[in-house]
file my_file23.txt (compact mmCIF, N, CA and C atoms)
# COMPACT_ATOMS: atom_id res chain seq x y z
N MET G 1 18.19 2.86 -8.79
CA MET G 1 16.90 3.41 -8.43
C MET G 1 16.65 3.09 -6.96
N THR G 2 16.11 4.04 -6.25
CA THR G 2 15.72 3.83 -4.86
C THR G 2 14.22 4.02 -4.75
N VAL G 3 13.57 3.09 -4.06
CA VAL G 3 12.13 3.14 -3.81
C VAL G 3 11.95 3.28 -2.32
N PHE G 4 11.11 4.21 -1.89
CA PHE G 4 10.83 4.37 -0.48
C PHE G 4 9.38 4.04 -0.23
N LEU G 5 9.11 3.09 0.68
CA LEU G 5 7.75 2.67 1.00
C LEU G 5 7.56 2.75 2.51
N SER G 6 6.36 3.13 2.92
CA SER G 6 6.07 3.19 4.35
C SER G 6 4.80 2.42 4.65
N GLY G 7 4.83 1.69 5.76
CA GLY G 7 3.70 0.86 6.15
C GLY G 7 2.59 1.61 6.86
N CYS G 8 2.74 2.89 7.11
CA CYS G 8 1.73 3.61 7.89
C CYS G 8 0.43 3.79 7.14
N GLY G 9 0.42 3.70 5.84
CA GLY G 9 -0.77 3.95 5.05
C GLY G 9 -1.66 2.74 4.87
N LEU G 10 -1.39 1.65 5.56
CA LEU G 10 -2.16 0.43 5.37
C LEU G 10 -3.27 0.29 6.40
N LEU G 11 -3.90 1.38 6.75
CA LEU G 11 -4.92 1.37 7.79
C LEU G 11 -6.17 0.62 7.39
N GLY G 12 -6.41 0.43 6.07
CA GLY G 12 -7.63 -0.23 5.61
C GLY G 12 -7.50 -1.73 5.49
N MET G 13 -6.51 -2.37 6.12
CA MET G 13 -6.35 -3.81 6.00
C MET G 13 -7.50 -4.53 6.69
N SER G 14 -7.99 -5.55 6.03
CA SER G 14 -9.03 -6.38 6.63
C SER G 14 -8.36 -7.52 7.39
N GLY G 15 -9.14 -8.31 8.07
CA GLY G 15 -8.61 -9.44 8.82
C GLY G 15 -7.95 -10.48 7.94
N THR G 16 -8.23 -10.46 6.64
CA THR G 16 -7.64 -11.43 5.73
C THR G 16 -6.27 -10.99 5.24
N GLY G 17 -5.83 -9.79 5.61
CA GLY G 17 -4.54 -9.30 5.14
C GLY G 17 -4.64 -8.56 3.83
N GLU G 18 -5.84 -8.42 3.29
CA GLU G 18 -6.04 -7.69 2.04
C GLU G 18 -6.48 -6.27 2.35
N LEU G 19 -6.12 -5.36 1.48
CA LEU G 19 -6.54 -3.98 1.66
C LEU G 19 -8.00 -3.83 1.26
N SER G 20 -8.73 -3.07 2.02
CA SER G 20 -10.13 -2.83 1.68
C SER G 20 -10.24 -1.52 0.91
N GLY G 21 -11.36 -1.32 0.26
CA GLY G 21 -11.56 -0.08 -0.48
C GLY G 21 -10.94 -0.14 -1.85
N LYS G 22 -10.82 1.03 -2.49
CA LYS G 22 -10.27 1.10 -3.83
C LYS G 22 -8.78 0.81 -3.81
N SER G 23 -8.31 0.18 -4.87
CA SER G 23 -6.88 -0.08 -4.98
C SER G 23 -6.33 0.67 -6.18
N ALA G 24 -5.04 0.89 -6.16
CA ALA G 24 -4.38 1.60 -7.25
C ALA G 24 -4.39 0.73 -8.51
N LYS G 25 -4.34 1.39 -9.65
CA LYS G 25 -4.29 0.68 -10.92
C LYS G 25 -2.98 -0.10 -10.99
N PRO G 26 -3.04 -1.41 -11.27
CA PRO G 26 -1.81 -2.19 -11.35
C PRO G 26 -0.93 -1.73 -12.53
N VAL G 27 0.38 -1.81 -12.31
CA VAL G 27 1.34 -1.47 -13.36
C VAL G 27 2.01 -2.77 -13.78
N ALA G 28 2.09 -3.03 -15.07
CA ALA G 28 2.75 -4.23 -15.56
C ALA G 28 4.23 -4.17 -15.21
N PRO G 29 4.80 -5.28 -14.69
CA PRO G 29 6.20 -5.27 -14.28
C PRO G 29 7.16 -4.84 -15.39
N GLN G 30 6.88 -5.22 -16.63
CA GLN G 30 7.78 -4.86 -17.72
C GLN G 30 7.79 -3.35 -17.99
N GLU G 31 6.76 -2.62 -17.52
CA GLU G 31 6.75 -1.16 -17.68
C GLU G 31 7.83 -0.52 -16.81
N ILE G 32 8.16 -1.13 -15.70
CA ILE G 32 9.17 -0.59 -14.80
C ILE G 32 10.56 -1.10 -15.17
N SER G 33 10.70 -2.41 -15.37
CA SER G 33 12.02 -3.00 -15.60
C SER G 33 12.41 -3.09 -17.06
N LYS G 34 11.50 -2.72 -17.96
CA LYS G 34 11.75 -2.82 -19.41
C LYS G 34 12.10 -4.24 -19.81
N GLY G 35 11.55 -5.23 -19.08
CA GLY G 35 11.77 -6.64 -19.40
C GLY G 35 13.05 -7.22 -18.82
N ASN G 36 13.89 -6.41 -18.20
CA ASN G 36 15.14 -6.90 -17.60
C ASN G 36 14.88 -7.50 -16.23
N LYS G 37 15.66 -8.50 -15.87
CA LYS G 37 15.59 -9.08 -14.53
C LYS G 37 16.49 -8.24 -13.62
N LEU G 38 15.92 -7.71 -12.56
CA LEU G 38 16.63 -6.79 -11.68
C LEU G 38 17.09 -7.47 -10.41
N LYS G 39 18.19 -6.97 -9.84
CA LYS G 39 18.65 -7.36 -8.51
C LYS G 39 18.13 -6.30 -7.56
N ILE G 40 17.30 -6.72 -6.63
CA ILE G 40 16.64 -5.79 -5.72
C ILE G 40 17.08 -6.08 -4.29
N VAL G 41 17.42 -5.03 -3.55
CA VAL G 41 17.71 -5.14 -2.13
C VAL G 41 16.60 -4.41 -1.38
N VAL G 42 15.97 -5.10 -0.45
CA VAL G 42 14.92 -4.53 0.38
C VAL G 42 15.48 -4.39 1.79
N ILE G 43 15.48 -3.16 2.30
CA ILE G 43 15.94 -2.90 3.67
C ILE G 43 14.74 -2.44 4.47
N THR G 44 14.40 -3.22 5.51
CA THR G 44 13.27 -2.87 6.37
C THR G 44 13.80 -2.29 7.67
N GLY G 45 13.00 -1.41 8.29
CA GLY G 45 13.46 -0.74 9.50
C GLY G 45 12.54 -0.88 10.68
N SER G 46 11.47 -1.64 10.57
CA SER G 46 10.51 -1.74 11.67
C SER G 46 10.87 -2.86 12.63
N ALA G 47 10.68 -2.60 13.91
CA ALA G 47 10.91 -3.62 14.93
C ALA G 47 9.69 -4.53 15.12
N HIS G 48 8.63 -4.29 14.37
CA HIS G 48 7.42 -5.10 14.45
C HIS G 48 7.44 -6.14 13.34
N ALA G 49 7.78 -7.37 13.69
CA ALA G 49 7.94 -8.44 12.69
C ALA G 49 6.65 -8.74 11.94
N LYS G 50 5.50 -8.45 12.52
CA LYS G 50 4.23 -8.71 11.86
C LYS G 50 3.42 -7.44 11.65
N GLY G 51 4.09 -6.30 11.60
CA GLY G 51 3.42 -5.02 11.43
C GLY G 51 3.13 -4.69 9.97
N THR G 52 2.62 -3.50 9.75
CA THR G 52 2.24 -3.10 8.40
C THR G 52 3.45 -2.90 7.49
N SER G 53 4.57 -2.47 8.03
CA SER G 53 5.77 -2.31 7.20
C SER G 53 6.28 -3.68 6.74
N ALA G 54 6.24 -4.67 7.63
CA ALA G 54 6.64 -6.03 7.25
C ALA G 54 5.69 -6.59 6.20
N TYR G 55 4.39 -6.32 6.36
CA TYR G 55 3.40 -6.76 5.38
C TYR G 55 3.68 -6.12 4.02
N LEU G 56 3.97 -4.83 4.02
CA LEU G 56 4.28 -4.12 2.79
C LEU G 56 5.54 -4.70 2.14
N ALA G 57 6.57 -4.97 2.94
CA ALA G 57 7.80 -5.57 2.41
C ALA G 57 7.52 -6.94 1.82
N ASP G 58 6.75 -7.76 2.53
CA ASP G 58 6.42 -9.10 2.04
C ASP G 58 5.71 -9.04 0.69
N ARG G 59 4.75 -8.15 0.56
CA ARG G 59 4.00 -8.02 -0.70
C ARG G 59 4.87 -7.49 -1.82
N PHE G 60 5.74 -6.52 -1.53
CA PHE G 60 6.66 -5.98 -2.52
C PHE G 60 7.59 -7.08 -3.02
N ILE G 61 8.14 -7.85 -2.08
CA ILE G 61 9.06 -8.94 -2.43
C ILE G 61 8.34 -10.01 -3.23
N GLN G 62 7.12 -10.36 -2.82
CA GLN G 62 6.34 -11.36 -3.55
C GLN G 62 6.13 -10.93 -5.00
N GLY G 63 5.72 -9.69 -5.19
CA GLY G 63 5.50 -9.18 -6.55
C GLY G 63 6.77 -9.15 -7.38
N ALA G 64 7.87 -8.75 -6.75
CA ALA G 64 9.15 -8.69 -7.47
C ALA G 64 9.61 -10.08 -7.88
N MET G 65 9.47 -11.05 -6.99
CA MET G 65 9.89 -12.41 -7.31
C MET G 65 8.98 -13.05 -8.36
N GLU G 66 7.69 -12.76 -8.29
CA GLU G 66 6.77 -13.28 -9.31
C GLU G 66 7.09 -12.70 -10.68
N ALA G 67 7.65 -11.50 -10.72
CA ALA G 67 8.04 -10.86 -11.97
C ALA G 67 9.42 -11.35 -12.45
N GLY G 68 10.07 -12.24 -11.65
CA GLY G 68 11.33 -12.83 -12.06
C GLY G 68 12.58 -12.13 -11.56
N HIS G 69 12.42 -11.16 -10.68
CA HIS G 69 13.57 -10.43 -10.15
C HIS G 69 14.14 -11.18 -8.95
N SER G 70 15.43 -10.98 -8.67
CA SER G 70 16.04 -11.57 -7.48
C SER G 70 15.99 -10.53 -6.35
N VAL G 71 15.72 -11.00 -5.14
CA VAL G 71 15.52 -10.09 -4.00
C VAL G 71 16.36 -10.54 -2.82
N THR G 72 17.05 -9.58 -2.20
CA THR G 72 17.75 -9.79 -0.94
C THR G 72 17.08 -8.88 0.08
N ARG G 73 16.72 -9.46 1.23
CA ARG G 73 16.05 -8.68 2.28
C ARG G 73 16.99 -8.54 3.47
N PHE G 74 17.06 -7.34 4.01
CA PHE G 74 17.86 -7.05 5.20
C PHE G 74 16.95 -6.38 6.21
N ASN G 75 16.66 -7.08 7.31
CA ASN G 75 15.79 -6.56 8.36
C ASN G 75 16.66 -5.84 9.39
N ALA G 76 16.88 -4.56 9.20
CA ALA G 76 17.83 -3.79 10.02
C ALA G 76 17.50 -3.83 11.51
N ALA G 77 16.24 -3.88 11.87
CA ALA G 77 15.86 -3.84 13.28
C ALA G 77 16.25 -5.12 14.02
N PHE G 78 16.52 -6.20 13.29
CA PHE G 78 16.83 -7.48 13.92
C PHE G 78 18.29 -7.91 13.71
N GLU G 79 19.09 -7.02 13.18
CA GLU G 79 20.50 -7.32 12.91
C GLU G 79 21.39 -6.55 13.89
N LYS G 80 22.59 -7.06 14.07
CA LYS G 80 23.57 -6.37 14.92
C LYS G 80 24.55 -5.66 13.99
N TYR G 81 24.62 -4.35 14.14
CA TYR G 81 25.53 -3.58 13.32
C TYR G 81 26.02 -2.37 14.12
N HIS G 82 27.10 -1.81 13.66
CA HIS G 82 27.73 -0.68 14.33
C HIS G 82 27.59 0.54 13.44
N TYR G 83 27.28 1.65 14.03
CA TYR G 83 27.19 2.89 13.26
C TYR G 83 28.56 3.29 12.74
N CYS G 84 28.59 3.90 11.58
CA CYS G 84 29.84 4.38 10.99
C CYS G 84 30.44 5.47 11.87
N THR G 85 31.73 5.36 12.14
CA THR G 85 32.42 6.36 12.94
C THR G 85 33.25 7.31 12.08
N GLY G 86 33.24 7.09 10.77
CA GLY G 86 33.98 7.97 9.87
C GLY G 86 35.48 7.80 9.96
N CYS G 87 35.94 6.59 10.28
CA CYS G 87 37.37 6.36 10.44
C CYS G 87 38.11 6.24 9.11
N ASP G 88 37.37 6.03 8.02
CA ASP G 88 37.90 5.92 6.66
C ASP G 88 38.78 4.70 6.42
N LYS G 89 38.78 3.72 7.31
CA LYS G 89 39.56 2.49 7.09
C LYS G 89 39.04 1.73 5.86
N CYS G 90 37.75 1.85 5.59
CA CYS G 90 37.15 1.15 4.45
C CYS G 90 37.69 1.68 3.12
N LYS G 91 38.14 2.92 3.11
CA LYS G 91 38.66 3.49 1.86
C LYS G 91 39.95 2.81 1.43
N GLY G 92 40.78 2.42 2.38
CA GLY G 92 42.04 1.77 2.06
C GLY G 92 41.89 0.28 1.85
N ALA G 93 41.33 -0.40 2.86
CA ALA G 93 41.20 -1.86 2.82
C ALA G 93 39.95 -2.31 2.09
N GLY G 94 38.96 -1.43 1.95
CA GLY G 94 37.72 -1.81 1.30
C GLY G 94 36.75 -2.55 2.20
N LYS G 95 37.10 -2.75 3.45
CA LYS G 95 36.23 -3.44 4.40
C LYS G 95 36.09 -2.61 5.67
N CYS G 96 34.94 -2.71 6.27
CA CYS G 96 34.67 -2.01 7.52
C CYS G 96 35.42 -2.68 8.67
N ILE G 97 35.95 -1.89 9.59
CA ILE G 97 36.70 -2.46 10.71
C ILE G 97 35.80 -3.21 11.69
N PHE G 98 34.50 -2.97 11.66
CA PHE G 98 33.60 -3.61 12.61
C PHE G 98 33.16 -5.00 12.16
N SER G 99 33.23 -5.31 10.88
CA SER G 99 32.83 -6.61 10.33
C SER G 99 31.48 -7.06 10.90
N ASP G 100 30.50 -6.17 10.83
CA ASP G 100 29.17 -6.46 11.36
C ASP G 100 28.28 -7.07 10.27
N THR G 101 26.99 -7.18 10.55
CA THR G 101 26.09 -7.81 9.58
C THR G 101 25.91 -6.98 8.32
N VAL G 102 26.12 -5.67 8.41
CA VAL G 102 26.06 -4.85 7.19
C VAL G 102 27.18 -5.28 6.25
N GLU G 103 28.36 -5.45 6.79
CA GLU G 103 29.52 -5.89 5.99
C GLU G 103 29.33 -7.33 5.50
N GLN G 104 28.83 -8.20 6.37
CA GLN G 104 28.74 -9.61 6.06
C GLN G 104 27.55 -9.97 5.15
N LYS G 105 26.39 -9.35 5.37
CA LYS G 105 25.17 -9.74 4.65
C LYS G 105 24.67 -8.74 3.62
N LEU G 106 24.90 -7.45 3.86
CA LEU G 106 24.25 -6.42 3.06
C LEU G 106 25.14 -5.78 2.00
N MET G 107 26.40 -5.57 2.30
CA MET G 107 27.24 -4.74 1.44
C MET G 107 27.34 -5.26 0.01
N GLN G 108 27.65 -6.54 -0.18
CA GLN G 108 27.82 -7.07 -1.54
C GLN G 108 26.52 -7.00 -2.34
N PRO G 109 25.38 -7.46 -1.80
CA PRO G 109 24.13 -7.31 -2.56
C PRO G 109 23.80 -5.85 -2.85
N LEU G 110 24.11 -4.96 -1.92
CA LEU G 110 23.83 -3.54 -2.11
C LEU G 110 24.67 -2.96 -3.25
N LEU G 111 25.92 -3.36 -3.33
CA LEU G 111 26.80 -2.88 -4.41
C LEU G 111 26.36 -3.40 -5.78
N GLU G 112 25.73 -4.58 -5.82
CA GLU G 112 25.30 -5.19 -7.08
C GLU G 112 23.86 -4.82 -7.45
N ALA G 113 23.15 -4.15 -6.57
CA ALA G 113 21.71 -3.90 -6.75
C ALA G 113 21.40 -2.92 -7.87
N ASP G 114 20.30 -3.23 -8.58
CA ASP G 114 19.73 -2.30 -9.55
C ASP G 114 18.72 -1.39 -8.88
N VAL G 115 18.05 -1.94 -7.85
CA VAL G 115 17.00 -1.21 -7.12
C VAL G 115 17.20 -1.44 -5.63
N VAL G 116 17.07 -0.38 -4.83
CA VAL G 116 17.09 -0.49 -3.38
C VAL G 116 15.74 0.02 -2.89
N ALA G 117 15.03 -0.83 -2.15
CA ALA G 117 13.73 -0.45 -1.58
C ALA G 117 13.90 -0.28 -0.08
N LEU G 118 13.63 0.91 0.42
CA LEU G 118 13.70 1.21 1.85
C LEU G 118 12.28 1.21 2.39
N ILE G 119 12.03 0.34 3.36
CA ILE G 119 10.67 0.21 3.89
C ILE G 119 10.73 0.44 5.40
N THR G 120 10.04 1.46 5.85
CA THR G 120 10.07 1.84 7.26
C THR G 120 8.72 2.39 7.68
N PRO G 121 8.38 2.26 8.95
CA PRO G 121 7.16 2.91 9.43
C PRO G 121 7.40 4.41 9.59
N LEU G 122 6.32 5.15 9.59
CA LEU G 122 6.38 6.57 9.91
C LEU G 122 5.63 6.77 11.22
N TYR G 123 6.25 7.50 12.13
CA TYR G 123 5.62 7.83 13.40
C TYR G 123 5.51 9.33 13.49
N TYR G 124 4.32 9.83 13.64
CA TYR G 124 4.09 11.27 13.75
C TYR G 124 4.69 12.01 12.56
N TYR G 125 4.48 11.46 11.37
CA TYR G 125 4.86 12.07 10.10
C TYR G 125 6.36 12.17 9.86
N THR G 126 7.15 11.36 10.55
CA THR G 126 8.60 11.35 10.33
C THR G 126 9.14 9.97 10.64
N PHE G 127 10.39 9.73 10.29
CA PHE G 127 11.04 8.46 10.59
C PHE G 127 11.42 8.44 12.05
N LEU G 128 11.35 7.28 12.65
CA LEU G 128 11.81 7.10 14.02
C LEU G 128 13.23 6.60 13.95
N HIS G 129 14.14 7.28 14.57
CA HIS G 129 15.54 6.85 14.56
C HIS G 129 16.15 7.04 15.93
N LYS G 130 17.27 6.38 16.14
CA LYS G 130 17.96 6.46 17.44
C LYS G 130 18.78 7.71 17.52

call {"tool": "encode", "arguments": {"input": "my_file23.txt", "output": "structure tokens"}}
result
Amino acid sequence: MTVFLSGCGLLGMSGTGELSGKSAKPVAPQEISKGNKLKIVVITGSAHAKGTSAYLADRFIQGAMEAGHSVTRFNAAFEKYHYCTGCDKCKGAGKCIFSDTVEQKLMQPLLEADVVALITPLYYYTFLHK
């Protein structure tokens, strides 16, 4: 399962870090996981360490851990990695030739994950990418 969350909708945050106004009806964790403990990978894409996307990721992770799930977080904006060049070396050896942080920190948890949560800001109604 893949979950996509964006921090742009948190405009109603108060100074206490809580959302103001009406909140969504809470969903019991067992309704989603059917009582199973899930392995969750959270990949964040914002360069703002204390921005709304980071806040959203923190709250998502907090809720997942309180429900008993294991969580691995990968902050893509603060890691060093190389874009895929399509060389296909990974198909034979099973490892990327660049041996970057994606290979070292993210790949194994990603392969074992039950849920992947992608959390990124939206700028002008689209993703910001290089």

call {"tool": "residues_around", "arguments": {"input": "my_file23.txt", "residues": "Ala49 of chain G", "least_positions_apart": "4", "cutoff": "12 Å", "atoms": "only C-alpha atoms", "output": "list of chain:residue names"}}
result
G:Thr44, G:Gly45, G:Ser53, G:Ala54, G:Tyr55, G:Leu56, G:Ala57, G:Asp58, G:Asn75, G:Ala76, G:Ala77, G:Phe78, G:Thr120, G:Pro121

call {"tool": "atom_distance", "arguments": {"input": "my_file23.txt", "atom1": "atom N of Lys95 of chain G", "atom2": "atom N of Lys80 of chain G"}}
result
18.5 Å

call {"tool": "closest_residue", "arguments": {"input": "my_file23.txt", "among": "G:Leu118, G:Leu111, G:Glu103, G:Phe98", "to": "Gly86 of chain G", "atoms": "only C-alpha atoms"}}
result
G:Phe98

call {"tool": "residues_around", "arguments": {"input": "my_file23.txt", "residues": "Gly68 of chain G", "least_positions_apart": "6", "cutoff": "7 Å", "atoms": "all atoms listed in the file", "output": "PyMOL selection string"}}
result
chain G and resi 36-38

call {"tool": "atom_distance", "arguments": {"input": "my_file23.txt", "atom1": "atom C of Leu122 of chain G", "atom2": "atom CA of Cys84 of chain G"}}
result
24.3 Å

call {"tool": "residues_around", "arguments": {"input": "my_file23.txt", "residues": "Asp100 of chain G", "least_positions_apart": "4", "cutoff": "7 Å", "atoms": "all atoms listed in the file", "output": "JSON, numbers by chain"}}
result
{"G": [80, 81, 82, 96, 104, 105]}

call {"tool": "atom_distance", "arguments": {"input": "my_file23.txt", "atom1": "atom CA of Lys39 of chain G", "atom2": "atom CA of Thr72 of chain G"}}
result
8.0 Å

call {"tool": "closest_residue", "arguments": {"input": "my_file23.txt", "among": "G:Asp88, G:Tyr83, G:Arg59, G:Val3", "to": "Ala117 of chain G", "atoms": "only C-alpha atoms"}}
result
G:Val3

call {"tool": "decode", "arguments": {"input": "my_file23.txt", "residues": "segment 16-100 of chain G", "atoms": "C-alpha atoms", "output": "PDB file, in the first residue's frame"}}
result
ATOM      1  CA  THR G  16       0.891  25.111  19.785  1.00  0.00           C
ATOM      2  CA  GLY G  17       1.378  22.868  16.754  1.00  0.00           C
ATOM      3  CA  GLU G  18      -2.236  21.688  16.844  1.00  0.00           C
ATOM      4  CA  LEU G  19      -4.636  22.110  13.974  1.00  0.00           C
ATOM      5  CA  SER G  20      -7.412  24.593  14.552  1.00  0.00           C
ATOM      6  CA  GLY G  21     -10.989  24.194  13.387  1.00  0.00           C
ATOM      7  CA  LYS G  22     -12.818  20.960  12.698  1.00  0.00           C
ATOM      8  CA  SER G  23     -10.828  17.758  12.525  1.00  0.00           C
ATOM      9  CA  ALA G  24     -11.506  14.598  10.583  1.00  0.00           C
ATOM     10  CA  LYS G  25     -13.215  11.700  12.300  1.00  0.00           C
ATOM     11  CA  PRO G  26     -10.512   9.450  13.781  1.00  0.00           C
ATOM     12  CA  VAL G  27     -10.146   5.962  12.318  1.00  0.00           C
ATOM     13  CA  ALA G  28      -9.235   3.103  14.647  1.00  0.00           C
ATOM     14  CA  PRO G  29      -5.798   1.699  13.692  1.00  0.00           C
ATOM     15  CA  GLN G  30      -7.126  -1.868  13.547  1.00  0.00           C
ATOM     16  CA  GLU G  31      -9.580  -0.779  10.814  1.00  0.00           C
ATOM     17  CA  ILE G  32      -6.628  -0.143   8.506  1.00  0.00           C
ATOM     18  CA  SER G  33      -4.150  -2.851   9.535  1.00  0.00           C
ATOM     19  CA  LYS G  34      -6.716  -5.516  10.497  1.00  0.00           C
ATOM     20  CA  GLY G  35      -4.790  -5.918  13.767  1.00  0.00           C
ATOM     21  CA  ASN G  36      -1.485  -6.799  12.041  1.00  0.00           C
ATOM     22  CA  LYS G  37       1.748  -5.021  12.912  1.00  0.00           C
ATOM     23  CA  LEU G  38       2.970  -3.322   9.738  1.00  0.00           C
ATOM     24  CA  LYS G  39       6.426  -2.322   8.510  1.00  0.00           C
ATOM     25  CA  ILE G  40       6.094   1.250   7.308  1.00  0.00           C
ATOM     26  CA  VAL G  41       8.609   3.310   5.325  1.00  0.00           C
ATOM     27  CA  VAL G  42       8.104   7.077   5.370  1.00  0.00           C
ATOM     28  CA  ILE G  43       9.909   9.046   2.655  1.00  0.00           C
ATOM     29  CA  THR G  44       9.890  12.815   3.090  1.00  0.00           C
ATOM     30  CA  GLY G  45      10.838  15.264   0.361  1.00  0.00           C
ATOM     31  CA  SER G  46      10.834  18.711   1.938  1.00  0.00           C
ATOM     32  CA  ALA G  47      14.008  20.706   2.522  1.00  0.00           C
ATOM     33  CA  HIS G  48      12.298  22.472   5.449  1.00  0.00           C
ATOM     34  CA  ALA G  49      13.230  20.462   8.551  1.00  0.00           C
ATOM     35  CA  LYS G  50      10.565  22.235  10.636  1.00  0.00           C
ATOM     36  CA  GLY G  51       7.955  22.828   7.928  1.00  0.00           C
ATOM     37  CA  THR G  52       4.428  21.520   7.595  1.00  0.00           C
ATOM     38  CA  SER G  53       5.486  18.400   5.687  1.00  0.00           C
ATOM     39  CA  ALA G  54       7.919  17.486   8.485  1.00  0.00           C
ATOM     40  CA  TYR G  55       5.149  18.123  11.021  1.00  0.00           C
ATOM     41  CA  LEU G  56       2.796  15.873   9.052  1.00  0.00           C
ATOM     42  CA  ALA G  57       5.467  13.145   8.850  1.00  0.00           C
ATOM     43  CA  ASP G  58       6.154  13.398  12.594  1.00  0.00           C
ATOM     44  CA  ARG G  59       2.461  13.038  13.448  1.00  0.00           C
ATOM     45  CA  PHE G  60       1.970  10.149  11.000  1.00  0.00           C
ATOM     46  CA  ILE G  61       4.995   8.340  12.474  1.00  0.00           C
ATOM     47  CA  GLN G  62       3.846   9.027  16.037  1.00  0.00           C
ATOM     48  CA  GLY G  63       0.414   7.552  15.325  1.00  0.00           C
ATOM     49  CA  ALA G  64       1.865   4.530  13.537  1.00  0.00           C
ATOM     50  CA  MET G  65       4.278   3.778  16.369  1.00  0.00           C
ATOM     51  CA  GLU G  66       1.572   4.229  19.013  1.00  0.00           C
ATOM     52  CA  ALA G  67      -0.462   1.649  17.078  1.00  0.00           C
ATOM     53  CA  GLY G  68       2.492  -0.768  17.348  1.00  0.00           C
ATOM     54  CA  HIS G  69       3.834  -0.551  13.810  1.00  0.00           C
ATOM     55  CA  SER G  70       7.552  -0.275  12.997  1.00  0.00           C
ATOM     56  CA  VAL G  71       8.599   2.817  11.038  1.00  0.00           C
ATOM     57  CA  THR G  72      11.683   3.689   8.996  1.00  0.00           C
ATOM     58  CA  ARG G  73      12.034   7.327   7.942  1.00  0.00           C
ATOM     59  CA  PHE G  74      14.103   8.510   4.980  1.00  0.00           C
ATOM     60  CA  ASN G  75      14.496  12.285   4.633  1.00  0.00           C
ATOM     61  CA  ALA G  76      15.382  12.484   0.924  1.00  0.00           C
ATOM     62  CA  ALA G  77      16.169  16.214   0.973  1.00  0.00           C
ATOM     63  CA  PHE G  78      18.980  15.678   3.501  1.00  0.00           C
ATOM     64  CA  GLU G  79      20.555  12.538   2.022  1.00  0.00           C
ATOM     65  CA  LYS G  80      23.187  12.134  -0.666  1.00  0.00           C
ATOM     66  CA  TYR G  81      22.027   9.949  -3.508  1.00  0.00           C
ATOM     67  CA  HIS G  82      22.545   9.570  -7.224  1.00  0.00           C
ATOM     68  CA  TYR G  83      19.775   9.495  -9.776  1.00  0.00           C
ATOM     69  CA  CYS G  84      19.284   6.212 -11.617  1.00  0.00           C
ATOM     70  CA  THR G  85      21.072   6.198 -14.966  1.00  0.00           C
ATOM     71  CA  GLY G  86      19.362   3.044 -16.226  1.00  0.00           C
ATOM     72  CA  CYS G  87      22.612   1.086 -16.485  1.00  0.00           C
ATOM     73  CA  ASP G  88      20.863  -2.144 -15.343  1.00  0.00           C
ATOM     74  CA  LYS G  89      23.863  -3.259 -13.234  1.00  0.00           C
ATOM     75  CA  CYS G  90      21.445  -3.808 -10.331  1.00  0.00           C
ATOM     76  CA  LYS G  91      19.631  -6.491 -12.325  1.00  0.00           C
ATOM     77  CA  GLY G  92      22.699  -8.732 -12.383  1.00  0.00           C
ATOM     78  CA  ALA G  93      24.464  -7.983  -9.096  1.00  0.00           C
ATOM     79  CA  GLY G  94      21.370  -6.842  -7.206  1.00  0.00           C
ATOM     80  CA  LYS G  95      23.144  -3.714  -5.971  1.00  0.00           C
ATOM     81  CA  CYS G  96      23.363  -0.212  -7.341  1.00  0.00           C
ATOM     82  CA  ILE G  97      26.775   0.809  -8.686  1.00  0.00           C
ATOM     83  CA  PHE G  98      26.592   4.141  -6.829  1.00  0.00           C
ATOM     84  CA  SER G  99      26.233   2.618  -3.320  1.00  0.00           C
ATOM     85  CA  ASP G 100      24.525   5.799  -2.114  1.00  0.00           C
TER      86      ASP G 100
END
